[in-house]
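Raw protein.pdb, PDB, C-alpha atoms:
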```pdb
ATOM      1  CA  MET K   1     311.737  70.819  87.500
ATOM      2  CA  LYS K   2     308.227  69.503  88.254
ATOM      3  CA  LYS K   3     309.532  65.925  88.072
ATOM      4  CA  CYS K   4     312.320  66.757  90.524
ATOM      5  CA  ILE K   5     309.880  68.336  92.998
ATOM      6  CA  LEU K   6     307.457  65.426  92.644
ATOM      7  CA  PHE K   7     310.318  62.954  93.204
ATOM      8  CA  LEU K   8     311.453  64.820  96.342
ATOM      9  CA  PHE K   9     307.855  64.955  97.644
ATOM     10  CA  VAL K  10     307.412  61.188  97.160
ATOM     11  CA  LEU K  11     310.798  60.498  98.762
ATOM     12  CA  LEU K  12     310.017  62.738 101.759
ATOM     13  CA  THR K  13     306.523  61.234 102.193
ATOM     14  CA  THR K  14     307.968  57.717 102.068
ATOM     15  CA  ALA K  15     310.657  58.618 104.605
ATOM     16  CA  LEU K  16     308.089  60.151 106.969
ATOM     17  CA  MET K  17     305.790  57.138 106.657
ATOM     18  CA  ALA K  18     308.688  54.801 107.409
ATOM     19  CA  GLN K  19     309.287  56.725 110.639
ATOM     20  CA  GLN K  20     305.709  56.312 111.880
ATOM     21  CA  ASN K  21     305.013  53.861 114.639
ATOM     22  CA  LEU K  22     302.415  51.133 114.683
ATOM     23  CA  THR K  23     299.327  52.063 116.691
ATOM     24  CA  PHE K  24     297.227  50.263 119.288
ATOM     25  CA  LYS K  25     293.748  51.709 119.912
ATOM     26  CA  GLY K  26     294.913  54.754 117.950
ATOM     27  CA  ILE K  27     297.865  55.297 120.297
ATOM     28  CA  GLU K  28     301.352  55.160 118.786
ATOM     29  CA  ILE K  29     303.411  52.295 120.174
ATOM     30  CA  ASP K  30     306.165  54.625 121.250
ATOM     31  CA  GLY K  31     307.362  56.745 124.133
ATOM     32  CA  PRO K  32     307.830  55.947 127.806
ATOM     33  CA  ILE K  33     305.798  53.030 129.135
ATOM     34  CA  ASP K  34     304.163  55.197 131.831
ATOM     35  CA  LYS K  35     302.845  57.625 129.192
ATOM     36  CA  PHE K  36     301.454  54.799 127.037
ATOM     37  CA  VAL K  37     299.829  53.138 130.069
ATOM     38  CA  SER K  38     298.321  56.492 131.105
ATOM     39  CA  GLU K  39     296.775  56.872 127.654
ATOM     40  CA  LEU K  40     295.291  53.364 127.916
ATOM     41  CA  GLU K  41     293.921  54.278 131.359
ATOM     42  CA  ASP K  42     292.244  57.272 129.686
ATOM     43  CA  GLU K  43     290.643  54.720 127.321
ATOM     44  CA  GLY K  44     289.207  52.824 130.303
ATOM     45  CA  PHE K  45     291.893  50.178 130.887
ATOM     46  CA  GLU K  46     292.857  49.332 134.456
ATOM     47  CA  ARG K  47     296.375  48.537 135.629
ATOM     48  CA  VAL K  48     296.472  45.012 137.117
ATOM     49  CA  ARG K  49     300.134  44.329 137.808
ATOM     50  CA  GLU K  50     303.644  45.364 136.861
ATOM     51  CA  GLU K  51     306.881  43.538 136.318
ATOM     52  CA  GLU K  52     310.149  44.927 135.053
ATOM     53  CA  GLY K  53     309.431  46.361 131.599
ATOM     54  CA  VAL K  54     305.845  45.015 131.465
ATOM     55  CA  VAL K  55     302.541  46.504 132.624
ATOM     56  CA  VAL K  56     299.498  44.224 132.512
ATOM     57  CA  MET K  57     296.110  45.896 132.151
ATOM     58  CA  MET K  58     292.465  44.842 131.752
ATOM     59  CA  GLY K  59     289.915  46.444 129.465
ATOM     60  CA  ASP K  60     287.656  46.201 126.455
ATOM     61  CA  PHE K  61     289.222  45.703 123.043
ATOM     62  CA  ALA K  62     287.815  45.062 119.555
ATOM     63  CA  GLY K  63     284.346  44.261 120.855
ATOM     64  CA  TYR K  64     285.571  41.898 123.604
ATOM     65  CA  SER K  65     285.237  42.817 127.268
ATOM     66  CA  ASN K  66     287.831  42.203 129.983
ATOM     67  CA  CYS K  67     290.826  41.488 127.762
ATOM     68  CA  GLU K  68     294.274  41.210 129.313
ATOM     69  CA  VAL K  69     296.702  43.661 127.700
ATOM     70  CA  ALA K  70     300.466  43.527 128.242
ATOM     71  CA  VAL K  71     302.420  46.695 127.442
ATOM     72  CA  ILE K  72     306.087  45.835 126.916
ATOM     73  CA  SER K  73     309.023  48.233 126.885
ATOM     74  CA  SER K  74     312.645  47.756 125.981
ATOM     75  CA  GLU K  75     315.061  47.156 128.836
ATOM     76  CA  ASN K  76     317.489  49.757 127.502
ATOM     77  CA  ASP K  77     315.366  52.881 127.344
ATOM     78  CA  GLY K  78     311.896  52.036 128.681
ATOM     79  CA  VAL K  79     310.263  52.886 125.343
ATOM     80  CA  VAL K  80     307.177  50.825 124.477
ATOM     81  CA  ASP K  81     307.896  48.507 121.560
ATOM     82  CA  ALA K  82     305.178  45.838 121.808
ATOM     83  CA  VAL K  83     301.637  45.309 123.043
ATOM     84  CA  GLY K  84     299.934  41.948 123.493
ATOM     85  CA  VAL K  85     296.243  41.169 123.994
ATOM     86  CA  MET K  86     294.895  37.916 125.420
ATOM     87  CA  PHE K  87     291.205  37.428 124.763
ATOM     88  CA  HIS K  88     288.826  35.265 126.808
ATOM     89  CA  LYS K  89     290.002  31.812 127.833
ATOM     90  CA  ARG K  90     287.941  29.173 126.086
ATOM     91  CA  GLU K  91     287.220  25.492 126.619
ATOM     92  CA  GLU K  92     285.673  24.629 123.236
ATOM     93  CA  TRP K  93     287.086  24.587 119.713
ATOM     94  CA  SER K  94     284.046  26.172 118.028
ATOM     95  CA  VAL K  95     284.134  29.182 120.385
ATOM     96  CA  ILE K  96     287.863  29.877 120.101
ATOM     97  CA  GLU K  97     287.730  29.347 116.339
ATOM     98  CA  GLU K  98     284.917  31.913 116.151
ATOM     99  CA  ASP K  99     287.023  34.420 118.158
ATOM    100  CA  TYR K 100     290.022  33.832 115.890
ATOM    101  CA  ASN K 101     288.045  34.100 112.647
ATOM    102  CA  SER K 102     286.218  37.240 113.777
ATOM    103  CA  LEU K 103     289.466  39.015 114.695
ATOM    104  CA  LYS K 104     291.198  37.774 111.545
ATOM    105  CA  SER K 105     288.355  39.164 109.436
ATOM    106  CA  MET K 106     288.565  42.593 111.105
ATOM    107  CA  LEU K 107     292.363  42.709 110.834
ATOM    108  CA  THR K 108     292.202  41.734 107.160
ATOM    109  CA  VAL K 109     289.759  44.561 106.410
ATOM    110  CA  LYS K 110     292.065  47.052 108.146
ATOM    111  CA  TYR K 111     295.534  45.765 107.139
ATOM    112  CA  GLY K 112     295.009  43.573 104.078
ATOM    113  CA  ARG K 113     295.532  39.844 103.671
ATOM    114  CA  PRO K 114     297.826  38.184 106.198
ATOM    115  CA  PHE K 115     300.933  36.308 105.151
ATOM    116  CA  PRO K 116     301.817  33.742 106.175
ATOM    117  CA  VAL K 117     298.699  32.027 107.420
ATOM    118  CA  ILE K 118     299.324  28.731 109.203
ATOM    119  CA  GLU K 119     296.200  26.846 110.209
ATOM    120  CA  GLU K 120     297.024  23.184 110.618
ATOM    121  CA  PHE K 121     296.679  20.172 112.871
ATOM    122  CA  HIS K 122     299.533  17.738 113.463
ATOM    123  CA  GLY K 123     297.539  14.541 113.174
ATOM    124  CA  ARG K 124     294.094  13.491 112.156
ATOM    125  CA  THR K 125     291.136  15.223 113.841
ATOM    126  CA  PHE K 126     288.127  13.599 112.115
ATOM    127  CA  ASP K 127     286.309  16.975 112.144
ATOM    128  CA  ASP K 128     285.501  16.460 115.818
ATOM    129  CA  ASN K 129     285.584  19.721 117.813
ATOM    130  CA  LYS K 130     286.609  17.963 121.048
ATOM    131  CA  ILE K 131     289.571  16.363 119.324
ATOM    132  CA  LYS K 132     290.495  19.651 117.628
ATOM    133  CA  PHE K 133     290.492  21.431 120.992
ATOM    134  CA  SER K 134     292.565  18.665 122.575
ATOM    135  CA  PHE K 135     295.091  19.128 119.753
ATOM    136  CA  LEU K 136     295.241  22.845 120.565
ATOM    137  CA  THR K 137     295.710  22.325 124.307
ATOM    138  CA  SER K 138     298.374  19.686 123.710
ATOM    139  CA  GLU K 139     300.218  21.950 121.233
ATOM    140  CA  ARG K 140     299.532  19.679 118.252
ATOM    141  CA  CYS K 141     298.058  22.392 116.081
ATOM    142  CA  LYS K 142     299.172  25.833 114.962
ATOM    143  CA  TRP K 143     296.672  28.568 114.120
ATOM    144  CA  MET K 144     298.390  31.861 113.203
ATOM    145  CA  SER K 145     297.963  34.804 110.843
ATOM    146  CA  ILE K 146     300.684  37.431 110.428
ATOM    147  CA  TYR K 147     300.186  40.980 109.180
ATOM    148  CA  ASP K 148     303.570  42.411 108.217
ATOM    149  CA  MET K 149     303.673  46.130 107.392
ATOM    150  CA  ASP K 150     306.301  48.822 107.055
ATOM    151  CA  ARG K 151     305.511  50.136 110.554
ATOM    152  CA  GLY K 152     305.367  46.811 112.334
ATOM    153  CA  ARG K 153     304.031  43.319 112.613
ATOM    154  CA  ILE K 154     300.760  42.005 114.026
ATOM    155  CA  GLU K 155     300.464  38.349 114.973
ATOM    156  CA  LEU K 156     297.107  36.683 115.653
ATOM    157  CA  PHE K 157     297.186  33.150 117.038
ATOM    158  CA  MET K 158     295.596  30.594 119.336
ATOM    159  CA  GLN K 159     297.546  29.568 122.426
ATOM    160  CA  GLN K 160     297.143  27.048 125.206
ATOM    161  CA  THR K 161     296.589  28.839 128.531
ATOM    162  CA  GLY K 162     295.921  25.859 130.795
ATOM    163  CA  LYS K 163     295.407  22.125 130.742
ATOM    164  CA  GLU K 164     291.886  22.381 129.337
ATOM    165  CA  GLU K 165     291.778  25.964 128.063
ATOM    166  CA  ALA K 166     293.166  28.206 125.354
ATOM    167  CA  ALA K 167     292.810  31.790 124.145
ATOM    168  CA  VAL K 168     293.305  33.907 121.087
ATOM    169  CA  VAL K 169     296.306  36.233 121.396
ATOM    170  CA  LEU K 170     297.064  39.334 119.349
ATOM    171  CA  ASN K 171     300.572  40.835 119.453
ATOM    172  CA  TYR K 172     301.650  44.188 118.022
ATOM    173  CA  TYR K 173     305.385  44.733 117.400
ATOM    174  CA  ASP K 174     306.579  48.209 116.415
ATOM    175  CA  TYR K 175     309.507  48.047 113.969
ATOM    176  CA  LYS K 176     310.842  51.560 114.538
ATOM    177  CA  ASN K 177     311.442  51.088 118.264
ATOM    178  CA  THR K 178     312.606  47.492 117.856
ATOM    179  CA  ASN K 179     315.064  48.591 115.160
ATOM    180  CA  ASP K 180     316.277  51.502 117.318
ATOM    181  CA  VAL K 181     317.117  49.067 120.141
ATOM    182  CA  ARG K 182     318.821  46.700 117.692
ATOM    183  CA  SER K 183     320.782  49.558 116.137
ATOM    184  CA  SER K 184     321.998  50.612 119.581
ATOM    185  CA  ALA K 185     323.083  47.035 120.298
ATOM    186  CA  MET K 186     324.843  46.864 116.938
ATOM    187  CA  ASP K 187     326.814  49.993 117.854
ATOM    188  CA  ASP K 188     328.267  48.047 120.771
ATOM    189  CA  LEU K 189     329.729  45.387 118.469
TER
END
```
Show me the file's structure as structure tokens.
Amino acid sequence: MKKCILFLFVLLTTALMAQQNLTFKGIEIDGPIDKFVSELEDEGFERVREEEGVVVMMGDFAGYSNCEVAVISSENDGVVDAVGVMFHKREEWSVIEEDYNSLKSMLTVKYGRPFPVIEEFHGRTFDDNKIKFSFLTSERCKWMSIYDMDRGRIELFMQQTGKEEAAVVLNYYDYKNTNDVRSSAMDDL
């Protein structure tokens, strides 16, 4: 009998954990976009602009000031299913690499080792930071770490933002809400 109860407890705990949403700043990535945005405003973020299904905000995140945060909801039901953060725009390889490595280190402590990790140049750089940065801004390198969990996926990467600038980007994707939208679409088929 004890084994049966223990088995049911483990099964129930696993099922409840699978239903949890990924969090951003301790806030579940779930619910109506207006509610999520309001909670971020309570955390000190300011609304900058809105487009259909996306609210862009500015605020401090992970020790960086004035980050741009995009809260994204599904078109079908307006439920938040992703959040993206763009950190400071940079013009030097050593500075953006430091941002990336610092965030990667913090994420790894919290979520475990990323997989896959892709950190490569497409061509020879000669260990020259100017050349490395030019590879990044001409999309000839890929720097990305992915944290895949039961609740969702976190992607950390470097991205070109202008002709001579780039930024580190951090995206949070909640699996529960994404799967709910997909399941609804599948019902239509």
Please report, as AutoDock Vina command-line options, the centre and edge lengths in Å to one decimal of an axis-aligned box covering all listed atoms of range 136-145 of chain K with 3 Å per side.
```
--center_x 297.7 --center_y 27.2 --center_z 117.6 --size_x 11.0 --size_y 21.1 --size_z 19.5
```
Expand the PyMOL selection byres ((chain K and resi 25) around 12) into the individual residues it matches in the shown file, reporting them as a PDB file with C-alpha atoms, in the frame of the given file.
```pdb
ATOM      1  CA  LEU K  22     302.415  51.133 114.683  1.00  0.00           C
ATOM      2  CA  THR K  23     299.327  52.063 116.691  1.00  0.00           C
ATOM      3  CA  PHE K  24     297.227  50.263 119.288  1.00  0.00           C
ATOM      4  CA  GLY K  26     294.913  54.754 117.950  1.00  0.00           C
ATOM      5  CA  ILE K  27     297.865  55.297 120.297  1.00  0.00           C
ATOM      6  CA  GLU K  28     301.352  55.160 118.786  1.00  0.00           C
ATOM      7  CA  ILE K  29     303.411  52.295 120.174  1.00  0.00           C
ATOM      8  CA  PHE K  36     301.454  54.799 127.037  1.00  0.00           C
ATOM      9  CA  VAL K  37     299.829  53.138 130.069  1.00  0.00           C
ATOM     10  CA  GLU K  39     296.775  56.872 127.654  1.00  0.00           C
ATOM     11  CA  LEU K  40     295.291  53.364 127.916  1.00  0.00           C
ATOM     12  CA  GLU K  41     293.921  54.278 131.359  1.00  0.00           C
ATOM     13  CA  ASP K  42     292.244  57.272 129.686  1.00  0.00           C
ATOM     14  CA  GLU K  43     290.643  54.720 127.321  1.00  0.00           C
ATOM     15  CA  GLY K  44     289.207  52.824 130.303  1.00  0.00           C
ATOM     16  CA  PHE K  45     291.893  50.178 130.887  1.00  0.00           C
ATOM     17  CA  GLY K  59     289.915  46.444 129.465  1.00  0.00           C
ATOM     18  CA  ASP K  60     287.656  46.201 126.455  1.00  0.00           C
ATOM     19  CA  PHE K  61     289.222  45.703 123.043  1.00  0.00           C
ATOM     20  CA  ALA K  62     287.815  45.062 119.555  1.00  0.00           C
ATOM     21  CA  VAL K  69     296.702  43.661 127.700  1.00  0.00           C
ATOM     22  CA  VAL K  83     301.637  45.309 123.043  1.00  0.00           C
ATOM     23  CA  VAL K  85     296.243  41.169 123.994  1.00  0.00           C
ATOM     24  CA  TYR K 172     301.650  44.188 118.022  1.00  0.00           C
TER      25      TYR K 172
END
```
Residue contacts of Arg153 in chain K (7 Å, all atoms listed in the file) excluding same-chain residues fewer than 3 positions away, as a count of residues only: 6
Please produce, as CSV, a per-residue contact table for range 49-96 of chain K versus range 154-169 of chain K (criterion: any atom at most 8 Å away, all atoms listed in the file considered), showing the nearest atom pair and its distance in Å to one decimal, sorted by chain then residue number.
```
residue,atom,partner,partner_atom,distance
K:Gly84,CA,K:Val169,CA,7.1
K:Val85,CA,K:Val169,CA,5.6
K:Met86,CA,K:Val169,CA,4.6
K:Phe87,CA,K:Val168,CA,5.5
K:His88,CA,K:Ala167,CA,5.9
K:Lys89,CA,K:Ala167,CA,4.6
K:Arg90,CA,K:Ala166,CA,5.4
K:Glu91,CA,K:Glu165,CA,4.8
K:Glu92,CA,K:Glu165,CA,7.9
K:Ile96,CA,K:Ala167,CA,6.7
```
Residue nearest Tyr111 in chain K - candidates K:Ser138, K:Thr125, K:Ser145, K:Ser38, atoms counted: all atoms listed in the file: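 Smallest separation from Tyr111 in chain K among the options: K:Ser145.
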K:Ser73, K:Tyr100, K:Asn21, K:Leu136 ranked by distance to Lys35 in chain K, top pick (using all atoms listed in the file): K:Ser73
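Among the candidates K:Gly152, K:Gly31, K:Gly78, K:Gly123, the one nearest to Glu139 in chain K when counting all atoms listed in the file is K:Gly123.
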Atomic distance CA of Asp30 in chain K - CA of Cys67 in chain K, expressed in Å with one decimal: 21.2 Å
d(CA of Asp81 in chain K, CA of Asn101 in chain K) in Å: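 CA of Asp81 in chain K sits 26.1 Å away from CA of Asn101 in chain K.
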Straight-line distance linking CA of Leu170 in chain K with CA of Cys141 in chain K, stated in Å to one decimal: 17.3 Å
K:Met58, K:Thr108, K:Pro32, K:Pro116 ranked by distance to Asp77 in chain K, top pick (using all atoms listed in the file): K:Pro32
Minimum-distance residue to Ser74 in chain K, chosen among K:Phe115, K:Arg151, K:Arg140, K:Val54 (using only C-alpha atoms):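 Once distances to Ser74 in chain K are computed over only C-alpha atoms, the minimum belongs to K:Val54.
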Nearest-residue call for His122 in chain K, choices K:Lys142, K:Lys104, K:Lys176, K:Lys110, using only C-alpha atoms: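 Closest residue, counting only C-alpha atoms: K:Lys142.
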